[in-house]
Structure formats: structure tokens, C-alpha cells
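Below is one structure, written out as C-alpha cells; comments come after it.
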Amino acid sequence: MSDQKYRIGFDLGSTTVKAVVIDVERDEIVWKDYRRHDSKQPEKSLEMLKDIERDVGVTPGNARMFITGSGGSNIARFTGAKFVQEVNAVSMAVEKLHPEVNSVVELGGQDAKIIIFKPDAESGRKKKIPSMNDKCAGGTGAVIDKINAKLKLPPAELCNAGHAGKKLHPVAGKCGVFAETDINSLQKMGVPADELMASLFESIVQQNLAVLTRGNTLMPHVMLLGGPNTYIKGMVEAWKANIPPIWEERGVELPEGIPPEDLIIVPDNAQYYAALGAAEFGKDEEDTVGVYKGLEGLQWYITVGRKEEKRKAGGTGLTKSEADLQAFLDEYKPEKFVPAEFKPGQVVRAYMGIDGGSTSSKAVLIDEDANIIAKVYQLSKGNPIEDTKDLFADLQGQVESAGATLEILGIGTTGYAKDILKDVLRADAAIVETVAHCESALHFYDDVDVVCDVGGQDIKIIILKNGKVKDFKLNTQCSAGNGYFLQGTAQGFGYDVREYADIAFQAESMPMFGYGCAVFMQSDIVDFQRQGWSPEEIMAGLANVLPKNIWLYVSQIPNLAKLGTRFVLQGGTQHNMAAVKSQVDFIQERFTSKGLRADVIVHKHCGESGAIGAGLEARRLHMNGHQTEWIGLD
């Protein structure tokens, strides 16, 4: 097919679309562009191909198209393009344009790739050792976008945000949701935006160096690719600050006379390397491969095909019928808590339990007979001591507004802030969350086999045998789909988190989410919106995937029946009845298939269960003769 004049290299990523058109005869770029697609991958691809046809004179048959990136295989179906795996595409461009490069770090919207080239003695060529983020989008551009949505830096300011010489603060790199809550807390403590961004760049670089190198050393020259590395000054500074010390520590021989940081390079056209490599890949393919078919197929998909796919892909809603929903609510809707009545002149002697959590703070008052007499639950303002003052004021107000006085006999703390609160308050006990939640469940319910606590960021599974902890699982790496994520999604759609269940129960069908990383789930949301799913359907789908995150992703226990039959659900997320419905259904399905039925209980103080466990521990110590040294209400 000698009438082919052009090769199109197309890179359709999670947040942007990049294309280059190569004149075959001259092997030169004659057209290139880079655009954000705002989750409209097919629409943006169509727009770009129209521009290529108009500007370059590409027509069906006179060009071949090679496509890469996370959205590439879908668009290839309708355009005639051949799909090229991303690592192959990037490697081909690097080897052609920069043979001196031995390592590549590419950061995309949701992808992070590291490719290390090692000389192969047998073939004389370099062999590739690639590594990609598969389970999590923690150290990628999506996290920068998400956090910048909070800090609201204009694009030009974000691109100029630096790293060199800035004061750095600890920010979790391993999970986008953990990073966001760390930044929240630092922001509330008054840390300026430029230091927050520099700390985020540092955490992303450290995360990728720790996880993606898989024990290999990035050998010089190191090439930085992808949008964040191309456009954000501070990202490049962070790589240049972090890689040379590794070379020094590992005794890597560097070329004479070149400063180590100059061995870390961002090439011209860095954002186009995958597209360039895809086009390069096409050189060695037969003339019949990847022949460009034009726009008709893609136009059909956008107007008709996508809706048909949505219809085939969806599941039914969270409930089968109105009667099914009513029966569920009758059984599981928690009874409304009625605080004790206090009388004028009464001295209320009580123990206090405080749970300083990642996204909320809770406190309870427990009387001498271990009854819960008052409680308070509030979203955290980011400073645990200020939060605790608010909790004290609320509980004291509940007692004193009735003319009674409050005498506190002991205090227990738990949650993220347990140790700092113990020190500041001189509390009687700071207990680990698993113990606190376990004590609380066992205080109210007998013969518990499993306690499942789902909080703002945490998922804790506590497995019991004869009332003693036998095993427990905790999400340490990731905050997949927890309460904070559900809350953020609801707010993004303009709903209060307290309305979540009512909205989600309205959906008659819902999309099926893959379980795992919250940042990947965020991109699924965007994909589903693009396919025409409504907010209530998406919220139902998210509630539906929660138990998969709990049991298949975090705890990795698919066979629930072997754990026992009595499950207690607690943590603030269990206030959301849509989340409870999906968990109950998931657990029961695992038992029904074995001809059994589980006894699933929603803790009647699900949000405050950790605080109750801490308060009960303070009571136990006091009953055993321990005298409290706490600093007093004033």
C-alpha cells in the first residue's frame, strides 16, 4: 500500500489525549497536540482526529494509526488502529531518541511506570525491566489534581510550584485518600500551600522510588516523562533531590565532570513519548496493519453504541422491590439513641471514652453501671486537641443544661490521636482501636464471631474465638471506598452524606465497580458518568462494591462461613443504610450458598463504638482501684 503517507501515533490516557502525525517519507513530526479530555475519551479522540484530517489531509486509507494508553483499545475497535502496549511504546521512543538513557520514570494521570534498561550480554541489546502501578494510583498525577482541587492553585501557579528549599511535612504517599487527609490536617494547622505541594511532590517521588523500582536502582541517565514531570517544576526538583543520594549510597559510578542532577533529564516533547513510540512501533508492522478507517465508527459508538453497552453491563439496584427495602429497614435501622435524663442538683458520676479518628471525633459518657448516658459525634476539624475541647463542651452542656453537675471518674482514649490525647489529658488508658472496638461489641452482644468496623479511612476486621481475639485485618496500604470516599462522592454530586442511602435506594439499576484503589474508583465514576449513569445509580454502585473492598481486597477472606455466624457491623459508615444493605447481602450470600444463614447485627452505637470501648477500659481500671490523674474539665 504505497499510497500511505502518514503514521498516526495516538496516546489516550486516563486524563489526557496526545497525538503525533509522522510524515512517512521524511520520518518527521508534521502535527502534534496534547489535550485534557475531562473523562470524555471518545469525544476528545473524535475531535482530535477531525483536526488531524483537516490540518494534515489524512483520509481513510492514506494513513496507519497506532494507539496506546488506558483508553486505546476501546477507540482502536472503531478506527482501524492497532493497539500497542504502553511500555513497548515508551521504550521504542526512548531507545530511538535517547540511546544514553538507562531508566525511565513516567507519571501519568493514574499510571506510574518505571522502565529500567539492562544490557543483555547474549543479544548485545538492552532488555527492559518494566514496573507499573496495578492496584493503586497513590503516586500519580490524579492525586496532585485531587489535592489541588482543595488548594485551588491556578494552573500556572501549580506548574511553578517548587520543591527545592521548601520546608517538607510528612504526607502519606501510598494512598491518595491518606495523602488527602494528611494535607487536610496540615492545612488546618496553617501550613502554607507552597509547602503542602512540595511535601506532596516529595511523597509521590518517595512512593515511586520505594514501590515501583522493585529493588532495582535507577541507573543514569534517568529520563522523566508524563504530564506531571513535564509541566510541574517541583516534581522535577523532587526527583533531582531524591535520586542522587541513592546513587551515592549504592556506589553507582557516574560519568566524570557532570553534576549528578544533570543526569536526570526531561526531553523535548516529553509528554508525547508514548504517542511517538506507538508510531515508531508501526514502522516494523505490515502495510495492512492499523489502516485508518475514518470517523464513522467512532461517531456511531458515541451516539448509539455506548448506550447499548451500558444496558448490557449494568446490574439491578440495591433492592429488588419496595417491600424488600422496607423489610430490610425494619430489621436493621438502628434504634434512635435517647440520652439519660439529668435532674437539677444531681451529681452525674461517669467515665468518658474518646475516639480521635481520621475524619471524625467521638466521645461518650458511661455511668457506673456501664450504661451509655450521653454521646457526641462530630466531623474532625483537623486538630485533635481542639476537637476534644468541643466534645467536652458538648457533653458537659448536655449534663449542666439540666442543672446537674458532671464528675468524671476516669478517661480512656483510642483512635489516631489516642497517644497525644492521653498525654494532654493525663488520661487513664490509651487503647488500640482493635481492642476498643472489640470491647464495645462484646459489651452489647454475646457470642460474637466477627467485628467489622468501617470508619472514614479504616477498615478493621476482628476475628474472635470464645470472646478472645484470634486474628485481625487492617487496611494499612489503601483507603479503598471507605466512609470518607462515599462522603466525598456524595458531596461531589451535591448531596449531604446523610442523604446518601435515600438517594442510592432510588436507583433501579447500577454500574458494576471494580474493587480496590479509591483513585481508580474515582476514574470509574468518571467513566460511568460518561456512559450516562446518573448520580443515584453511581452512588448505589459504590455502596454495592464496599463489601468487596472489605472482604476481598482488605481482609482477603472470601470464605466468610469459616469465621463463624455472628457478625457485628460498626464504625461511622454503618450509619449509611445503603452501605449496610450491600454488606448484609454480601455476607448472607456467602452463607446461603452453603445452606446456612448468618446473624448480622448493626451495633446500636456504630459511630461511637471505639469511644465506648475506651470508656469501658477506664471504668475497668477504676473498679480495680486505679485513681485517675486526669487534668479536670476546666
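To be explicit about the labels: the chains of the C-alpha cells are called A, B, and onward in the order shown, and within each one the residues are counted from 1, while ligands get numbers from 1 in the order they are shown.
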Considering only strand (DSSP E or B) as DSSP defines it on the backbone, what residues of region 98-217 of chain A qualify? List them as a compact mmCIF listing (two decimals) with all heavy atoms, in the first residue's frame.
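Just written: states_5.txt:
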```
# COMPACT_ATOMS: atom_id res chain seq x y z
N SER A 103 17.17 4.46 32.38
CA SER A 103 15.98 4.32 33.23
C SER A 103 14.97 5.39 32.83
O SER A 103 15.35 6.51 32.49
CB SER A 103 16.31 4.52 34.71
OG SER A 103 17.45 3.81 35.08
N VAL A 104 13.69 5.01 32.89
CA VAL A 104 12.62 5.95 32.55
C VAL A 104 11.61 5.95 33.69
O VAL A 104 11.24 4.89 34.21
CB VAL A 104 11.89 5.50 31.26
CG1 VAL A 104 10.70 6.42 30.96
CG2 VAL A 104 12.85 5.49 30.09
N VAL A 105 11.18 7.15 34.10
CA VAL A 105 10.10 7.27 35.08
C VAL A 105 8.99 8.07 34.41
O VAL A 105 9.19 9.24 34.09
CB VAL A 105 10.56 8.03 36.34
CG1 VAL A 105 9.40 8.13 37.33
CG2 VAL A 105 11.76 7.38 36.97
N GLU A 106 7.85 7.43 34.18
CA GLU A 106 6.74 8.15 33.55
C GLU A 106 5.56 8.23 34.51
O GLU A 106 5.09 7.21 35.00
CB GLU A 106 6.29 7.44 32.26
CG GLU A 106 5.22 8.25 31.56
CD GLU A 106 4.64 7.59 30.32
OE1 GLU A 106 4.73 6.37 30.19
OE2 GLU A 106 4.09 8.32 29.50
N LEU A 107 5.12 9.44 34.80
CA LEU A 107 3.93 9.63 35.63
C LEU A 107 2.81 10.14 34.76
O LEU A 107 2.95 11.16 34.08
CB LEU A 107 4.18 10.68 36.73
CG LEU A 107 5.11 10.32 37.87
CD1 LEU A 107 4.99 11.36 38.96
CD2 LEU A 107 4.79 8.95 38.46
N ALA A 112 1.68 5.08 36.87
CA ALA A 112 3.10 5.37 37.10
C ALA A 112 3.86 4.18 36.52
O ALA A 112 3.49 3.03 36.76
CB ALA A 112 3.37 5.51 38.59
N LYS A 113 4.90 4.49 35.71
CA LYS A 113 5.69 3.41 35.10
C LYS A 113 7.16 3.71 35.35
O LYS A 113 7.60 4.85 35.23
CB LYS A 113 5.50 3.42 33.57
CG LYS A 113 4.30 2.69 33.07
CD LYS A 113 4.34 2.52 31.56
CE LYS A 113 3.95 3.76 30.80
NZ LYS A 113 2.60 4.23 31.03
N ILE A 114 7.88 2.66 35.67
CA ILE A 114 9.34 2.77 35.70
C ILE A 114 9.87 1.68 34.76
O ILE A 114 9.42 0.52 34.83
CB ILE A 114 9.90 2.61 37.13
CG1 ILE A 114 9.66 3.92 37.91
CG2 ILE A 114 11.38 2.26 37.11
CD1 ILE A 114 10.20 3.94 39.32
N ILE A 115 10.74 2.06 33.83
CA ILE A 115 11.35 1.07 32.93
C ILE A 115 12.87 1.18 33.12
O ILE A 115 13.44 2.27 33.02
CB ILE A 115 11.02 1.36 31.45
CG1 ILE A 115 9.50 1.49 31.24
CG2 ILE A 115 11.58 0.26 30.55
CD1 ILE A 115 9.10 2.07 29.89
N ILE A 116 13.48 0.06 33.44
CA ILE A 116 14.94 0.04 33.60
C ILE A 116 15.51 -0.80 32.45
O ILE A 116 15.05 -1.93 32.20
CB ILE A 116 15.32 -0.55 34.98
CG1 ILE A 116 14.84 0.43 36.08
CG2 ILE A 116 16.82 -0.78 35.08
CD1 ILE A 116 14.93 -0.10 37.48
N PHE A 117 16.46 -0.22 31.70
CA PHE A 117 17.10 -0.94 30.60
C PHE A 117 18.39 -1.55 31.11
O PHE A 117 19.22 -0.86 31.68
CB PHE A 117 17.43 0.03 29.45
CG PHE A 117 16.22 0.68 28.83
CD1 PHE A 117 15.87 1.99 29.15
CD2 PHE A 117 15.42 -0.01 27.93
CE1 PHE A 117 14.76 2.59 28.59
CE2 PHE A 117 14.31 0.59 27.36
CZ PHE A 117 13.98 1.89 27.69
N LYS A 118 18.57 -2.86 30.89
CA LYS A 118 19.82 -3.52 31.32
C LYS A 118 20.47 -4.16 30.10
O LYS A 118 19.78 -4.80 29.30
CB LYS A 118 19.52 -4.60 32.37
CG LYS A 118 19.14 -4.01 33.72
CD LYS A 118 19.54 -4.93 34.86
CE LYS A 118 19.44 -4.18 36.19
NZ LYS A 118 19.33 -5.08 37.33
N PRO A 119 21.81 -4.01 29.93
CA PRO A 119 22.47 -4.63 28.78
C PRO A 119 22.34 -6.16 28.87
O PRO A 119 22.50 -6.72 29.95
CB PRO A 119 23.93 -4.20 28.92
CG PRO A 119 24.02 -3.35 30.13
CD PRO A 119 22.71 -3.30 30.82
N LYS A 126 19.59 -4.03 24.71
CA LYS A 126 19.16 -3.79 26.09
C LYS A 126 17.87 -4.56 26.37
O LYS A 126 17.00 -4.61 25.51
CB LYS A 126 18.88 -2.30 26.29
CG LYS A 126 20.11 -1.42 26.27
CD LYS A 126 19.69 0.03 26.42
CE LYS A 126 20.87 0.98 26.47
NZ LYS A 126 20.45 2.37 26.48
N LYS A 127 17.78 -5.16 27.56
CA LYS A 127 16.48 -5.77 27.89
C LYS A 127 15.75 -4.86 28.87
O LYS A 127 16.38 -4.13 29.66
CB LYS A 127 16.65 -7.19 28.41
CG LYS A 127 17.27 -7.36 29.75
CD LYS A 127 17.24 -8.83 30.15
CE LYS A 127 17.79 -8.92 31.57
NZ LYS A 127 18.28 -10.16 31.99
N LYS A 128 14.43 -4.88 28.80
CA LYS A 128 13.60 -3.96 29.59
C LYS A 128 13.10 -4.65 30.85
O LYS A 128 12.63 -5.79 30.80
CB LYS A 128 12.36 -3.52 28.80
CG LYS A 128 12.63 -2.90 27.47
CD LYS A 128 11.36 -2.32 26.86
CE LYS A 128 10.43 -3.38 26.30
NZ LYS A 128 10.84 -3.88 25.00
N ILE A 129 13.21 -3.94 31.99
CA ILE A 129 12.55 -4.42 33.22
C ILE A 129 11.48 -3.38 33.56
O ILE A 129 11.79 -2.32 34.11
CB ILE A 129 13.56 -4.54 34.38
CG1 ILE A 129 14.70 -5.48 33.98
CG2 ILE A 129 12.86 -5.04 35.64
CD1 ILE A 129 15.81 -5.55 35.00
N PRO A 130 10.21 -3.64 33.16
CA PRO A 130 9.18 -2.64 33.41
C PRO A 130 8.47 -2.90 34.75
O PRO A 130 8.46 -4.01 35.25
CB PRO A 130 8.20 -2.86 32.26
CG PRO A 130 8.32 -4.31 31.93
CD PRO A 130 9.69 -4.76 32.37
N SER A 131 7.89 -1.85 35.30
CA SER A 131 7.10 -1.99 36.52
C SER A 131 6.02 -0.92 36.49
O SER A 131 6.31 0.24 36.17
CB SER A 131 8.06 -1.79 37.71
OG SER A 131 7.33 -1.61 38.86
N MET A 132 4.78 -1.31 36.77
CA MET A 132 3.66 -0.36 36.73
C MET A 132 2.84 -0.47 38.00
O MET A 132 2.82 -1.50 38.64
CB MET A 132 2.75 -0.66 35.55
CG MET A 132 3.20 -0.06 34.26
SD MET A 132 2.00 -0.31 32.95
CE MET A 132 0.83 1.00 33.27
```
| Which residues, written as a list in words, have at least one atom at most 8 Å from Gly294 (chain A), with only C-alpha atoms counted and residues fewer than 2 positions away on the same chain left out? |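 Result of the neighbour search: Thr59, Pro60, Thr79, Tyr292, Glu296 and Gly297 of chain A.
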| Leaving out region 19-36 of chain A and any residue of its chain fewer than 5 positions from it, which residues lie within 6 Å of it when counting only C-alpha atoms, given as a VMD selection string? | chain A and resid 5 to 10 275
| Those in region 348-587 of chain A with helix (DSSP H, G or I) from DSSP, as a PyMOL selection string | chain A and resi 384-400+418-425+433-444+483-492+497-504+518-530+535-554+560-563+572-575+577-587
Show me, as a Markdown table, the residues of region 561-606 of chain A having an atom within 9 Å of region 501-519 of chain A, each with the closest atom pair and its distance in Å, using only C-alpha atoms.
```
| residue | atom | partner | partner_atom | distance |
| --- | --- | --- | --- | --- |
| A:Asn576 | CA | A:Ala501 | CA | 5.8 |
| A:Met577 | CA | A:Ala501 | CA | 5.5 |
| A:Ala578 | CA | A:Ala501 | CA | 4.6 |
| A:Ala579 | CA | A:Ala501 | CA | 7.6 |
```
| request: Using only C-alpha atoms, pick whichever of A:Asn624, A:Thr414, A:Ser123, A:Asn482 has the shortest atom-to-atom distance to Ile354 (chain A). | output: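 Using only C-alpha atoms, Ile354 (chain A) sits closest to A:Thr414.
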| Out of A:Gln378, A:Asn229, A:Gln556, A:Asn88, which residue has the shortest atom-to-atom distance to Cys159 (chain A) when counting only C-alpha atoms? |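 With only C-alpha atoms as the atom set, the closest residue is A:Asn229.
Compared by their closest atoms to Leu442 (chain A), and using only C-alpha atoms, the residues A:His603, A:Asn383, A:Leu542, A:Lys293 rank with A:His603 nearest.
Those residues that approach Val338 (chain A) to within 9 Å, counting only C-alpha atoms, are Lys336, Ala340, Glu341, Ile373 and Ala374 of chain A; same-chain residues fewer than 2 positions away are not listed.
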Can you write just those residues out, all heavy atoms, as a compact mmCIF listing (two decimals), in the first residue's frame?
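Written output follows (selection_27.txt):
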```txt
# COMPACT_ATOMS: atom_id res chain seq x y z
N LYS A 336 -33.21 4.78 67.70
CA LYS A 336 -32.73 6.13 67.99
C LYS A 336 -32.23 6.18 69.43
O LYS A 336 -32.87 5.66 70.34
CB LYS A 336 -33.88 7.13 67.79
CG LYS A 336 -33.41 8.56 67.69
CD LYS A 336 -34.52 9.44 67.12
CE LYS A 336 -34.26 10.92 67.33
NZ LYS A 336 -32.93 11.39 67.01
N ALA A 340 -29.72 9.84 78.76
CA ALA A 340 -30.33 9.79 80.10
C ALA A 340 -30.90 11.17 80.44
O ALA A 340 -30.46 12.19 79.93
CB ALA A 340 -29.26 9.39 81.12
N GLU A 341 -31.90 11.17 81.34
CA GLU A 341 -32.44 12.46 81.81
C GLU A 341 -31.68 12.85 83.07
O GLU A 341 -31.55 12.06 84.00
CB GLU A 341 -33.94 12.30 82.12
CG GLU A 341 -34.78 12.31 80.86
CD GLU A 341 -36.27 12.35 81.19
OE1 GLU A 341 -36.63 12.73 82.32
OE2 GLU A 341 -37.06 11.98 80.30
N ILE A 373 -24.87 7.09 78.79
CA ILE A 373 -25.84 8.11 79.22
C ILE A 373 -25.81 9.36 78.33
O ILE A 373 -26.76 10.14 78.33
CB ILE A 373 -25.65 8.49 80.71
CG1 ILE A 373 -24.21 8.94 81.00
CG2 ILE A 373 -26.03 7.30 81.60
CD1 ILE A 373 -24.02 9.50 82.41
N ALA A 374 -24.72 9.57 77.58
CA ALA A 374 -24.67 10.71 76.65
C ALA A 374 -23.58 10.42 75.64
O ALA A 374 -22.62 9.69 75.93
CB ALA A 374 -24.36 12.01 77.40
```
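Using only C-alpha atoms, the nearest neighbour of Ile431 (chain A) within the list A:Ile612, A:Leu563, A:Ile538, A:Val143 is A:Ile612.
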| request: Can you pull out every residue within 10 Å of Thr573 (chain A), counting only C-alpha atoms, but drop anything in the same chain fewer than 4 positions away, and send it as a list in words? | output: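 Residues near the query, excluding close chain neighbours: Asp453, Val454, Gly455, Gly456, Gln457, Asn482, Gly483, Tyr484, Leu486, Gln487, Val497, Leu569, Met577, Ala578, Ala579, Val580, Cys606 and Gly607 of chain A.
The shell of residues at most 8 Å from Leu12 (chain A), with only C-alpha atoms counted and near chain neighbours (fewer than 3 positions) removed, consists of Thr16, Val17, Lys18, Gln41, Ser45, Ile67, Thr68, Gly69, Ser70, Gly71 and Gly72 of chain A.
The shortest atom-to-atom distance to Leu474 (chain A), with only C-alpha atoms taken into account, belongs to A:Glu433 out of A:Glu407, A:Glu499, A:Glu433, A:Asp449.
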| Long-range neighbours of Ala274 (chain A) as a PyMOL selection string, 8 Å cut-off, only C-alpha atoms, 2 positions minimum in chain | chain A and resi 10-11+68-69+86+89-90+93+271-272+276-278
Writer output for current selection, C-alpha atoms, as a short mmCIF file (atom, residue, chain, number, x, y, z; two decimals), in the first residue's frame:
```cif
data_model
loop_
_atom_site.label_atom_id
_atom_site.label_comp_id
_atom_site.auth_asym_id
_atom_site.auth_seq_id
_atom_site.Cartn_x
_atom_site.Cartn_y
_atom_site.Cartn_z
CA PHE A 10 -2.09 8.23 19.47
CA ASP A 11 -1.89 8.04 23.29
CA THR A 68 -1.63 3.23 23.22
CA GLY A 69 -2.81 4.30 26.69
CA GLU A 86 2.39 1.29 26.72
CA ALA A 89 5.60 2.30 23.02
CA VAL A 90 7.57 4.37 25.55
CA ALA A 93 10.67 6.21 21.59
CA GLN A 271 4.53 14.37 27.00
CA TYR A 272 4.43 12.78 23.52
CA LEU A 276 5.85 8.79 19.30
CA GLY A 277 6.73 5.24 20.34
CA ALA A 278 3.37 3.91 19.11
#
```
| For Ala598 (chain A), which residue among A:Val101, A:Leu212, A:Leu552, A:Val568 is the nearest when counting only C-alpha atoms? |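 Between A:Val101, A:Leu212, A:Leu552, A:Val568, the residue approaching Ala598 (chain A) most closely is A:Val568.
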